[in-house]
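Participant: This is my_file.txt, which holds compact mmCIF, C-alpha atoms:
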# COMPACT_ATOMS: atom_id res chain seq x y z
CA MET A 1 181.66 82.87 135.00
CA VAL A 2 185.26 82.69 136.16
CA SER A 3 187.80 81.19 133.81
CA ASP A 4 190.56 78.90 135.07
CA SER A 5 193.11 80.70 133.05
CA THR A 6 194.14 84.01 134.52
CA GLN A 7 195.50 84.83 131.12
CA THR A 8 192.04 84.80 129.48
CA ALA A 9 190.38 86.77 132.27
CA HIS A 10 193.10 89.33 132.10
CA ALA A 11 192.80 89.58 128.33
CA ALA A 12 189.05 90.23 128.59
CA TYR A 13 189.44 93.10 130.98
CA ASP A 14 192.42 94.49 129.18
CA SER A 15 190.74 94.56 125.79
CA LYS A 16 189.41 97.46 123.74
CA ILE A 17 185.87 96.86 124.96
CA GLU A 18 186.73 97.59 128.56
CA GLY A 19 184.33 100.19 129.92
CA ASN A 20 181.90 99.66 127.05
CA ILE A 21 179.93 96.90 128.70
CA ILE A 22 176.69 97.88 130.38
CA PHE A 23 174.55 95.57 132.46
CA THR A 24 170.83 96.15 132.11
CA ARG A 25 167.49 94.47 131.49
CA VAL A 26 166.57 93.59 127.89
CA ASP A 27 163.36 95.57 128.26
CA ALA A 28 165.26 98.66 129.32
CA ALA A 29 167.75 98.31 126.48
CA MET A 30 165.00 97.81 123.91
CA ASN A 31 162.97 100.74 125.21
CA TRP A 32 166.07 102.93 125.22
CA MET A 33 166.71 102.14 121.58
CA ARG A 34 163.06 102.59 120.61
CA LYS A 35 162.54 105.87 122.37
CA ASN A 36 165.65 107.52 120.97
CA SER A 37 164.90 106.80 117.35
CA MET A 38 161.24 107.44 116.87
CA TRP A 39 160.44 107.84 113.21
CA PRO A 40 157.24 109.85 112.84
CA MET A 41 154.69 109.30 110.11
CA PRO A 42 153.39 112.83 109.48
CA MET A 43 149.63 112.56 108.94
CA GLY A 44 149.17 116.25 108.17
CA LEU A 45 145.52 116.99 107.47
CA ALA A 46 145.05 120.66 108.35
CA CYS A 47 146.75 123.67 109.91
CA CYS A 48 148.35 121.57 112.69
CA ALA A 49 150.59 120.18 109.96
CA ILE A 50 152.15 123.62 109.53
CA GLU A 51 153.17 123.62 113.19
CA MET A 52 154.43 120.06 112.80
CA MET A 53 156.61 121.16 109.89
CA ALA A 54 157.88 124.07 111.98
CA SER A 55 158.79 121.61 114.76
CA ALA A 56 160.97 119.70 112.35
CA CYS A 57 162.72 122.84 111.12
CA SER A 58 165.82 124.45 112.56
CA ARG A 59 164.19 126.88 114.98
CA PHE A 60 162.58 124.14 117.06
CA ASP A 61 164.48 121.13 115.71
CA LEU A 62 162.95 117.78 116.61
CA SER A 63 166.26 116.09 115.85
CA ARG A 64 167.59 117.20 119.24
CA PHE A 65 165.44 114.41 120.63
CA GLY A 66 165.88 111.83 117.88
CA MET A 67 162.52 112.20 116.17
CA GLU A 68 163.41 114.05 113.03
CA VAL A 69 163.25 111.22 110.52
CA MET A 70 159.79 111.93 109.10
CA ARG A 71 158.85 109.00 106.93
CA PHE A 72 156.15 109.30 104.31
CA SER A 73 155.96 105.56 104.01
CA PRO A 74 154.02 104.00 106.89
CA ARG A 75 156.16 100.87 106.63
CA GLN A 76 159.17 102.79 107.89
CA ALA A 77 157.48 104.69 110.68
CA ASP A 78 157.00 104.14 114.43
CA VAL A 79 154.76 106.96 115.53
CA MET A 80 151.87 108.47 113.63
CA ILE A 81 151.29 112.15 114.30
CA VAL A 82 147.66 112.84 113.35
CA ALA A 83 147.87 116.59 112.81
CA GLY A 84 144.59 118.17 111.85
CA THR A 85 140.91 117.66 111.19
CA VAL A 86 139.99 114.08 110.34
CA THR A 87 136.95 114.13 108.09
CA TYR A 88 134.85 111.03 107.66
CA LYS A 89 136.01 110.88 104.07
CA MET A 90 139.64 110.72 105.23
CA ALA A 91 139.05 108.59 108.32
CA LEU A 92 139.36 105.14 106.77
CA ALA A 93 142.44 106.25 104.81
CA VAL A 94 144.12 107.23 108.09
CA LYS A 95 143.11 103.87 109.56
CA ARG A 96 144.49 102.07 106.54
CA ILE A 97 147.85 103.84 106.80
CA TRP A 98 147.92 103.08 110.53
CA ASP A 99 147.32 99.40 109.77
CA GLN A 100 150.31 99.41 107.42
CA MET A 101 152.71 100.60 110.12
CA PRO A 102 154.76 97.80 111.69
CA GLU A 103 154.57 97.10 115.40
CA PRO A 104 155.54 98.52 117.82
CA LYS A 105 153.76 101.73 116.90
CA TRP A 106 152.37 104.71 118.70
CA CYS A 107 149.90 107.44 117.86
CA ILE A 108 149.81 111.12 118.77
CA ALA A 109 146.60 113.12 118.36
CA MET A 110 147.90 116.60 117.70
CA GLY A 111 145.51 119.47 118.36
CA ALA A 112 141.85 119.84 119.21
CA CYS A 113 140.47 118.39 115.96
CA ALA A 114 142.40 115.15 116.03
CA SER A 115 141.70 114.72 119.75
CA SER A 116 137.96 115.43 119.78
CA GLY A 117 136.75 116.93 116.51
CA GLY A 118 137.54 120.36 117.90
CA MET A 119 135.24 123.12 116.76
CA TYR A 120 133.87 120.96 113.98
CA ARG A 121 130.73 119.55 115.53
CA SER A 122 129.28 118.59 112.19
CA TYR A 123 128.18 115.82 109.86
CA ALA A 124 131.52 115.75 108.07
CA VAL A 125 134.13 115.43 110.82
CA LEU A 126 135.18 112.42 112.87
CA GLN A 127 134.87 113.36 116.55
CA GLY A 128 138.38 112.36 117.55
CA ILE A 129 140.81 109.94 115.88
CA ASP A 130 140.66 107.76 119.00
CA ARG A 131 137.35 106.44 117.67
CA LEU A 132 139.37 104.57 115.06
CA ILE A 133 142.89 104.00 116.33
CA PRO A 134 144.38 103.89 119.84
CA VAL A 135 146.00 107.17 120.84
CA ASP A 136 148.97 107.37 123.23
CA VAL A 137 149.37 111.11 123.61
CA TYR A 138 146.84 113.92 123.13
CA ILE A 139 148.20 117.41 122.54
CA SER A 140 145.89 120.32 123.27
CA GLY A 141 145.91 123.52 121.24
CA CYS A 142 144.43 124.91 118.07
CA PRO A 143 146.97 124.47 116.65
CA PRO A 144 149.50 123.53 119.35
CA ARG A 145 152.83 125.35 119.24
CA PRO A 146 155.89 123.35 118.17
CA GLU A 147 157.03 123.30 121.81
CA ALA A 148 153.80 121.49 122.66
CA LEU A 149 154.40 118.89 119.98
CA ILE A 150 157.95 118.36 121.21
CA GLU A 151 156.61 118.05 124.76
CA GLY A 152 154.10 115.51 123.49
CA LEU A 153 156.81 113.47 121.81
CA MET A 154 158.91 113.60 124.97
CA LYS A 155 155.89 112.40 126.96
CA LEU A 156 155.67 109.52 124.50
CA GLN A 157 159.37 108.80 125.04
CA ARG A 158 158.72 108.62 128.77
CA LYS A 159 155.85 106.24 128.09
CA ILE A 160 158.01 103.99 125.90
CA GLU A 161 160.75 104.04 128.55
CA SER A 162 158.53 102.21 131.02
CA ASP A 163 156.99 99.80 128.53
CA PRO A 164 157.26 96.28 129.99
CA ALA A 165 156.87 94.51 126.64
CA LEU A 166 159.30 91.68 127.20
CA SER A 167 158.39 90.96 130.82
CA ASN A 168 154.74 90.90 129.74
CA GLN A 169 155.61 88.37 127.06
CA LYS A 170 157.44 86.31 129.65
CA LYS A 171 154.46 86.47 132.00
CA GLU A 172 152.12 85.38 129.23
CA LEU A 173 154.41 82.51 128.32
CA ILE A 174 154.54 81.31 131.91
CA GLU A 175 150.75 81.55 132.21
CA ASP A 176 150.39 79.58 128.98
CA LEU A 177 152.72 76.86 130.25
CA ALA A 178 150.96 76.66 133.62
CA MET B 179 125.86 149.08 79.74
CA SER B 180 125.35 148.65 83.43
CA ALA B 181 123.82 145.70 85.24
CA ALA B 182 120.62 147.71 85.77
CA GLN B 183 120.29 148.25 82.02
CA ASP B 184 121.00 144.57 81.43
CA ILE B 185 118.12 143.70 83.76
CA ALA B 186 115.86 146.01 81.74
CA THR B 187 117.00 144.34 78.49
CA LEU B 188 116.42 140.84 79.91
CA SER B 189 113.04 141.82 81.37
CA ALA B 190 111.95 143.16 77.97
CA LYS B 191 113.15 140.04 76.18
CA PHE B 192 111.67 137.44 78.55
CA GLY B 193 108.53 139.36 79.55
CA ALA B 194 106.21 137.32 81.70
CA ASP B 195 108.82 134.66 82.43
CA VAL B 196 110.67 137.13 84.64
CA VAL B 197 109.29 136.64 88.13
CA GLY B 198 110.90 139.70 89.68
CA THR B 199 113.91 141.98 89.77
CA LYS B 200 115.65 143.52 92.74
CA GLU B 201 118.33 146.08 93.41
CA PHE B 202 119.89 146.18 96.84
CA ARG B 203 122.98 148.23 97.69
CA GLY B 204 124.18 148.15 94.10
CA GLU B 205 123.58 144.43 93.63
CA HIS B 206 121.25 143.49 90.82
CA THR B 207 119.14 140.35 90.92
CA ILE B 208 116.74 138.92 88.39
CA SER B 209 114.43 136.02 89.18
CA VAL B 210 113.10 133.93 86.34
CA LYS B 211 111.03 130.83 85.72
CA LEU B 212 112.99 127.61 85.40
CA SER B 213 111.73 127.07 81.84
CA VAL B 214 113.67 130.07 80.50
CA LEU B 215 116.64 129.90 82.88
CA HIS B 216 119.09 128.39 80.41
CA GLU B 217 118.04 130.70 77.62
CA LEU B 218 118.44 133.73 79.88
CA LEU B 219 121.90 132.64 81.02
CA ALA B 220 122.89 132.13 77.37
CA THR B 221 121.67 135.62 76.52
CA ALA B 222 123.56 137.09 79.46
CA LYS B 223 126.73 135.40 78.33
CA ASN B 224 126.55 135.82 74.56
CA GLU B 225 124.87 139.21 74.23
CA LEU B 226 125.54 141.06 77.47
CA GLY B 227 129.15 140.07 78.04
CA TYR B 228 128.90 138.00 81.23
CA ALA B 229 131.75 135.73 80.19
CA MET B 230 132.47 134.42 83.64
CA ILE B 231 130.49 132.56 86.29
CA ILE B 232 131.91 132.99 89.76
CA ASP B 233 129.45 130.97 91.80
CA ILE B 234 126.44 128.73 91.63
CA SER B 235 124.61 128.08 94.87
CA SER B 236 121.21 127.01 96.03
CA LEU B 237 118.72 127.84 98.76
CA ASP B 238 116.36 125.54 100.62
CA HIS B 239 113.03 127.27 101.37
CA PHE B 240 111.91 124.35 103.51
CA GLY B 241 108.13 124.17 103.79
CA GLU B 242 107.46 126.22 100.65
CA ASP B 243 106.69 125.05 97.16
CA PRO B 244 108.76 125.16 95.02
CA ARG B 245 111.24 124.15 97.68
CA PHE B 246 114.64 125.06 96.23
CA GLU B 247 116.08 128.09 94.50
CA MET B 248 119.13 128.24 92.25
CA VAL B 249 121.43 131.27 92.45
CA TYR B 250 123.93 132.13 89.70
CA GLU B 251 126.51 134.88 90.09
CA LEU B 252 127.68 136.28 86.77
CA VAL B 253 130.43 138.84 86.14
CA THR B 254 132.15 140.39 83.19
CA VAL B 255 135.84 139.65 82.92
CA ASP B 256 136.79 143.28 83.65
CA ASP B 257 134.55 143.06 86.77
CA SER B 258 132.63 146.18 85.72
CA LYS B 259 129.24 144.59 86.31
CA HIS B 260 127.81 141.79 88.38
CA LEU B 261 124.48 140.07 87.82
CA ARG B 262 122.65 137.60 90.04
CA VAL B 263 120.15 135.23 88.47
CA LYS B 264 117.69 133.27 90.61
CA SER B 265 115.26 130.57 89.72
CA LYS B 266 112.97 128.42 91.85
CA VAL B 267 113.05 124.64 91.52
CA SER B 268 110.63 122.16 93.02
CA GLU B 269 111.80 118.86 94.45
CA ASP B 270 110.95 116.75 91.42
CA GLU B 271 112.36 119.14 88.80
CA GLU B 272 115.76 119.04 87.15
CA VAL B 273 117.76 122.16 86.35
CA PRO B 274 119.22 122.44 82.84
CA THR B 275 123.00 122.47 83.16
CA CYS B 276 124.94 125.57 82.15
CA THR B 277 128.23 123.71 81.65
CA ASP B 278 127.70 124.22 77.91
CA LEU B 279 128.00 127.98 78.51
CA TRP B 280 130.70 128.08 81.18
CA VAL B 281 132.97 125.08 81.65
CA GLY B 282 133.64 126.34 85.16
CA ALA B 283 130.04 125.61 86.10
CA ASP B 284 130.85 121.89 86.22
CA TRP B 285 132.12 121.62 89.78
CA HIS B 286 129.72 124.25 91.11
CA GLU B 287 126.78 122.19 89.87
CA ARG B 288 128.29 119.05 91.34
CA GLU B 289 128.55 120.82 94.68
CA VAL B 290 124.90 121.90 94.52
CA TYR B 291 123.96 118.32 93.68
CA ASP B 292 126.08 116.93 96.51
CA MET B 293 124.95 119.31 99.24
CA MET B 294 121.33 120.03 98.25
CA GLY B 295 120.32 117.13 96.03
CA ILE B 296 119.23 119.21 93.05
CA ARG B 297 119.83 117.31 89.81
CA PHE B 298 121.11 118.89 86.61
CA SER B 299 119.96 117.61 83.25
CA GLY B 300 122.68 117.39 80.63
CA HIS B 301 125.58 117.64 83.11
CA PRO B 302 128.55 115.67 81.75
CA ASP B 303 129.67 114.18 85.09
CA LEU B 304 127.09 114.54 87.83
CA ARG B 305 128.84 112.87 90.76
CA ARG B 306 129.18 113.97 94.35
CA ILE B 307 132.16 116.27 94.82
CA LEU B 308 132.69 116.54 98.60
CA MET B 309 130.94 113.54 100.09
CA TRP B 310 131.49 110.05 98.67
CA GLU B 311 129.28 108.24 96.18
CA GLY B 312 126.69 106.33 98.15
CA TYR B 313 126.36 108.79 101.04
CA PRO B 314 122.60 108.76 101.53
CA PHE B 315 121.90 112.34 102.66
CA TYR B 316 122.11 115.91 101.36
CA PRO B 317 123.72 117.77 104.28
CA LEU B 318 122.79 121.37 103.47
CA ARG B 319 119.06 120.73 103.35
CA LYS B 320 117.12 122.39 106.15
CA ASP B 321 115.73 119.09 107.41
CA PHE B 322 119.22 117.62 107.87
CA PRO B 323 120.46 118.03 111.46
CA LEU B 324 123.71 119.94 111.99
CA ALA B 325 125.10 117.09 114.07
CA GLY B 326 124.77 114.73 111.13
CA ARG B 327 123.21 111.31 110.79
CA PRO B 328 124.80 107.92 111.12
CA SER B 329 125.59 106.12 107.90
CA GLU B 330 127.85 103.25 106.95
CA MET B 331 129.47 102.14 103.72
CA PRO B 332 131.88 99.30 104.39
CA ASP B 333 135.44 99.99 103.17
CA VAL B 334 134.47 103.47 101.92
CA ALA B 335 133.39 105.68 104.79
CA PHE B 336 131.07 106.01 107.73
CA THR B 337 129.53 108.94 109.57
CA GLY B 338 128.32 109.44 113.10
CA VAL B 339 126.38 111.95 115.12
CA ALA B 340 128.45 114.79 116.60
CA PRO B 341 127.78 115.65 120.25
CA LEU B 342 126.27 119.13 120.39
CA GLU B 343 125.64 119.28 124.18
CA GLY B 344 122.20 120.80 123.80
CA GLY B 345 123.19 122.97 120.84
CA PRO B 346 123.33 124.08 118.08
CA PHE B 347 124.65 127.31 119.53
CA VAL B 348 122.94 130.36 118.12
CA THR B 349 123.49 133.99 119.01
CA SER B 350 120.54 136.32 119.32
CA PRO B 351 121.93 139.80 118.74
CA GLY B 352 120.55 142.77 120.64
CA THR B 353 118.95 141.18 123.70
CA GLY B 354 120.53 141.23 127.14
CA ASP B 355 124.13 140.57 128.11
CA VAL B 356 126.55 138.14 126.49
CA VAL B 357 125.47 135.24 128.69
CA THR B 358 121.87 135.67 127.56
CA ARG B 359 122.74 136.31 123.94
CA GLU B 360 125.15 133.41 123.58
CA PRO B 361 124.09 130.61 125.91
CA ARG B 362 126.53 127.76 126.50
CA ALA B 363 123.85 125.30 125.53
CA ARG B 364 120.41 125.67 124.05
CA VAL B 365 117.78 122.98 123.86
CA VAL B 366 116.50 122.42 120.34
CA LYS B 367 112.71 122.56 120.26
Do you think you could lay out the structure here as structure tokens?
Facilitator:
Amino acid sequence: MVSDSTQTAHAAYDSKIEGNIIFTRVDAAMNWMRKNSMWPMPMGLACCAIEMMASACSRFDLSRFGMEVMRFSPRQADVMIVAGTVTYKMALAVKRIWDQMPEPKWCIAMGACASSGGMYRSYAVLQGIDRLIPVDVYISGCPPRPEALIEGLMKLQRKIESDPALSNQKKELIEDLA
Amino acid sequence: MSAAQDIATLSAKFGADVVGTKEFRGEHTISVKLSVLHELLATAKNELGYAMIIDISSLDHFGEDPRFEMVYELVTVDDSKHLRVKSKVSEDEEVPTCTDLWVGADWHEREVYDMMGIRFSGHPDLRRILMWEGYPFYPLRKDFPLAGRPSEMPDVAFTGVAPLEGGPFVTSPGTGDVVTREPRARVVK
């Protein structure tokens, strides 16, 4: 929009905000904000949790990628890291905590046990957390090294980056109206 | 006194109620009838100095009668001697609790109850300890499949059957090469 007054136009371009305006899509802006401040909910159930703790510590340092704010309250978390063996006794508790996390939320199955039950082919162990909650990223390893967890989280960031949430909403709206 | 002497003392005291004794690589075991089990454990604790119980477990002799067998591992506090007490239990019998002798027996007996389904008379709090109340099976019994059985308790827990891909995998030591000894999958007959 072009103003009649050259004075106003000039003032806008001469102001302090010059150079700080970026043109983008809302989806891209939202995804950029989401992916750079993922707050993990550490669901540490077995030895994978030790590696997860190591990932958050200074040697590996998750905070380089904006994921260091581990929240022990599901209401403040975006991504649940299921780290360890999910027993049937624990399974519904994990599901319940997942249900308490606000949308949008993501899930990482860290290690063999969380992904598939791992070596525990038995009466007591859930054969993969994906039988209860949708999983975005599976990380192999028993347990995976911190680098693998960081790689997994970066994979998740790449996934969030291309999430067409808003355009999907728009599409749905248009289909509803039609 | 050594554990071997203790076994002699107990055998003399309980006479015909002692089913058998065994010494294997320095480990001493005494098997007794269930009717004198509690009395024998009390004697071992109060007169022979076995002040500590380090484990209570159970065996499933599936297909035999009596079906189950209780195993108690007793030690003295200075660890100078170790005594194993065994007693056979049939499916419809209850085992007298030994929580009155050793408080530490409480959770061990709950574990035996949870995993094998043996009940203890006089136990102060006989609930399941690992599985949840209402789980319908006893997983360590021989007739319970390793893969588990499906069960469902709404809002508490559920179980499913684990994929074993033809297993369970068993090694047969001493025959052939590794591929023969440890097959990737073995059909259960």
Participant: How close does chain A get to chain B? List, as a Markdown table, each residue of chain A within 9 Å, its nearest atom pair and the distance in Å to one decimal, counting only C-alpha atoms.
Facilitator:
| residue | atom | partner | partner_atom | distance |
| --- | --- | --- | --- | --- |
| A:Tyr88 | CA | B:Thr337 | CA | 6.0 |
| A:Lys89 | CA | B:Ala335 | CA | 5.9 |
| A:Met90 | CA | B:Ala335 | CA | 8.0 |
| A:Ala91 | CA | B:Ala335 | CA | 7.3 |
| A:Leu92 | CA | B:Ala335 | CA | 6.3 |
| A:Ala93 | CA | B:Val334 | CA | 8.9 |
| A:Gly117 | CA | B:Ala340 | CA | 8.6 |
| A:Tyr120 | CA | B:Ala340 | CA | 8.6 |
| A:Arg121 | CA | B:Ala340 | CA | 5.4 |
| A:Ser122 | CA | B:Ala325 | CA | 4.8 |
| A:Tyr123 | CA | B:Gly326 | CA | 3.8 |
| A:Ala124 | CA | B:Thr337 | CA | 7.3 |
| A:Val125 | CA | B:Thr337 | CA | 8.1 |
| A:Leu126 | CA | B:Thr337 | CA | 7.4 |
| A:Gln127 | CA | B:Ala340 | CA | 6.6 |
Participant: Could you write out that same residue set with C-alpha atoms as a JSON list (two decimals), in the frame of the given file?
Facilitator:
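part_13.json, written as the output of this step:
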[["chain", "number", "residue", "atom", "x", "y", "z"],
["A", 88, "TYR", "CA", 134.85, 111.03, 107.66],
["A", 89, "LYS", "CA", 136.01, 110.88, 104.07],
["A", 90, "MET", "CA", 139.64, 110.72, 105.23],
["A", 91, "ALA", "CA", 139.05, 108.59, 108.32],
["A", 92, "LEU", "CA", 139.36, 105.14, 106.77],
["A", 93, "ALA", "CA", 142.44, 106.25, 104.81],
["A", 117, "GLY", "CA", 136.75, 116.93, 116.51],
["A", 120, "TYR", "CA", 133.87, 120.96, 113.98],
["A", 121, "ARG", "CA", 130.73, 119.55, 115.53],
["A", 122, "SER", "CA", 129.28, 118.59, 112.19],
["A", 123, "TYR", "CA", 128.18, 115.82, 109.86],
["A", 124, "ALA", "CA", 131.52, 115.75, 108.07],
["A", 125, "VAL", "CA", 134.13, 115.43, 110.82],
["A", 126, "LEU", "CA", 135.18, 112.42, 112.87],
["A", 127, "GLN", "CA", 134.87, 113.36, 116.55]]
Participant: Considering all atoms listed in the file, can you say which of A:Leu45, A:Ile108, A:Val86, A:Cys57 comes closest to Gln157 in chain A?
Facilitator: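 Checking each candidate against Gln157 in chain A, we get A:Ile108 as the closest.
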Participant: If you count all atoms listed in the file, which residues fall within 10 Å of Leu149 in chain A, apart from same-chain ones fewer than 3 positions away, as a short mmCIF file (atom, residue, chain, number, x, y, z; two decimals) with C-alpha atoms, in the frame of the given file?
Facilitator:
data_model
loop_
_atom_site.label_atom_id
_atom_site.label_comp_id
_atom_site.auth_asym_id
_atom_site.auth_seq_id
_atom_site.Cartn_x
_atom_site.Cartn_y
_atom_site.Cartn_z
CA CYS A 48 148.35 121.57 112.69
CA GLU A 51 153.17 123.62 113.19
CA MET A 52 154.43 120.06 112.80
CA SER A 55 158.79 121.61 114.76
CA LEU A 62 162.95 117.78 116.61
CA ILE A 81 151.29 112.15 114.30
CA ALA A 83 147.87 116.59 112.81
CA ILE A 108 149.81 111.12 118.77
CA ALA A 109 146.60 113.12 118.36
CA MET A 110 147.90 116.60 117.70
CA GLY A 111 145.51 119.47 118.36
CA VAL A 137 149.37 111.11 123.61
CA TYR A 138 146.84 113.92 123.13
CA ILE A 139 148.20 117.41 122.54
CA SER A 140 145.89 120.32 123.27
CA GLY A 141 145.91 123.52 121.24
CA PRO A 143 146.97 124.47 116.65
CA PRO A 144 149.50 123.53 119.35
CA ARG A 145 152.83 125.35 119.24
CA PRO A 146 155.89 123.35 118.17
CA GLY A 152 154.10 115.51 123.49
CA LEU A 153 156.81 113.47 121.81
CA MET A 154 158.91 113.60 124.97
CA LYS A 155 155.89 112.40 126.96
#
Participant: Could you tell me how far CA of Glu271 in chain B sits from CA of Glu242 in chain B, in Å to one decimal place?
Facilitator: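 Straight-line distance from CA of Glu242 in chain B to CA of Glu271 in chain B works out to 14.6 Å.
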Participant: Report the distance between CA of Phe315 in chain B and CA of Met293 in chain B in Å, rounded to one decimal place.
Facilitator: 8.3 Å
Participant: Neighbouring residues of Lys264 in chain B were defined as those with any atom within 6 Å, considering all atoms listed in the file; residues of the same chain fewer than 3 positions away were excluded. Please report them as a list in words.
Facilitator: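 These residues fall inside the cut-off: Ser209, Met248 and Val249 of chain B.
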Participant: Using all atoms listed in the file for the distances, tell me which of B:Gln183, B:Asp303, B:Thr207, B:Asp284 is nearest to Tyr250 in chain B.
Facilitator: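 Looking at the shortest contact to Tyr250 in chain B, the residue is B:Thr207.
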Participant: What is the distance, in Å and to one decimal place, between CA of Gly118 in chain A and CA of Thr87 in chain A?
Facilitator: 11.6 Å
Participant: Got a sec: who's within 10 Å of range 162-169 of chain A, counting only C-alpha atoms, leaving out chain neighbours fewer than 6 positions off, as an MDAnalysis selection string?
Facilitator: chainID A and resid 25:28 30:32 104 175
Participant: Within 10 Å of (120.4, 129.9, 96.5), all atoms listed in the file: residues as number ranges by chain?
Facilitator: B: 234-239, 246-250, 263-266, 290
Participant: Which residues come within 7 Å of Asp195 in chain B, counting all atoms listed in the file, excluding same-chain residues fewer than 2 positions away, as a PyMOL selection string?
Facilitator: chain B and resi 192-193+197+210-211+214
Participant: Can you write just those residues out, C-alpha atoms, as an mmCIF file, in the coordinates of the input?
Facilitator:
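Below you can see again.cif, which holds the result:
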data_model
loop_
_atom_site.group_PDB
_atom_site.id
_atom_site.type_symbol
_atom_site.label_atom_id
_atom_site.label_comp_id
_atom_site.auth_asym_id
_atom_site.auth_seq_id
_atom_site.Cartn_x
_atom_site.Cartn_y
_atom_site.Cartn_z
ATOM 1 C CA PHE B 192 111.670 137.440 78.550
ATOM 2 C CA GLY B 193 108.530 139.360 79.550
ATOM 3 C CA VAL B 197 109.290 136.640 88.130
ATOM 4 C CA VAL B 210 113.100 133.930 86.340
ATOM 5 C CA LYS B 211 111.030 130.830 85.720
ATOM 6 C CA VAL B 214 113.670 130.070 80.500
#
Participant: Find, counting only C-alpha atoms, the residue in B:Ala181, B:Leu279, B:Leu219, B:Val253 that gets nearest to His301 in chain B.
Facilitator: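 Result for the nearest residue to His301 in chain B: B:Leu279.
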Participant: Could you check the closest approach to Ala182 in chain B for each of B:Gly227, B:Asp233, B:His260, B:Gly198 and tell me which residue wins, using only C-alpha atoms?
Facilitator: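 Using only C-alpha atoms, the shortest distance to Ala182 in chain B belongs to B:His260.
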Participant: Quick one: residues within 8 Å of Arg288 in chain B, only C-alpha atoms counted, chain neighbours fewer than 5 positions away excluded, as number ranges by chain?
Facilitator: B: 304-307
Participant: May I have the centre and edge lengths, in Å to one decimal, of an axis-aligned box around the listed atoms of range 71-83 of chain A with 8 Å added to every side, as AutoDock Vina command-line options?
Facilitator:
--center_x 153.4 --center_y 108.7 --center_z 109.8 --size_x 27.5 --size_y 31.7 --size_z 27.5
Participant: At a cut-off of 7 Å around the point (151.4, 108.5, 121.7) (file coordinates), what residues fall inside when counting only C-alpha atoms? I'd like the answer as a list in words.
Facilitator: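 Those residues lying close to the given coordinates are Trp106, Cys107, Ile108, Val135, Asp136, Val137 and Leu156 of chain A.
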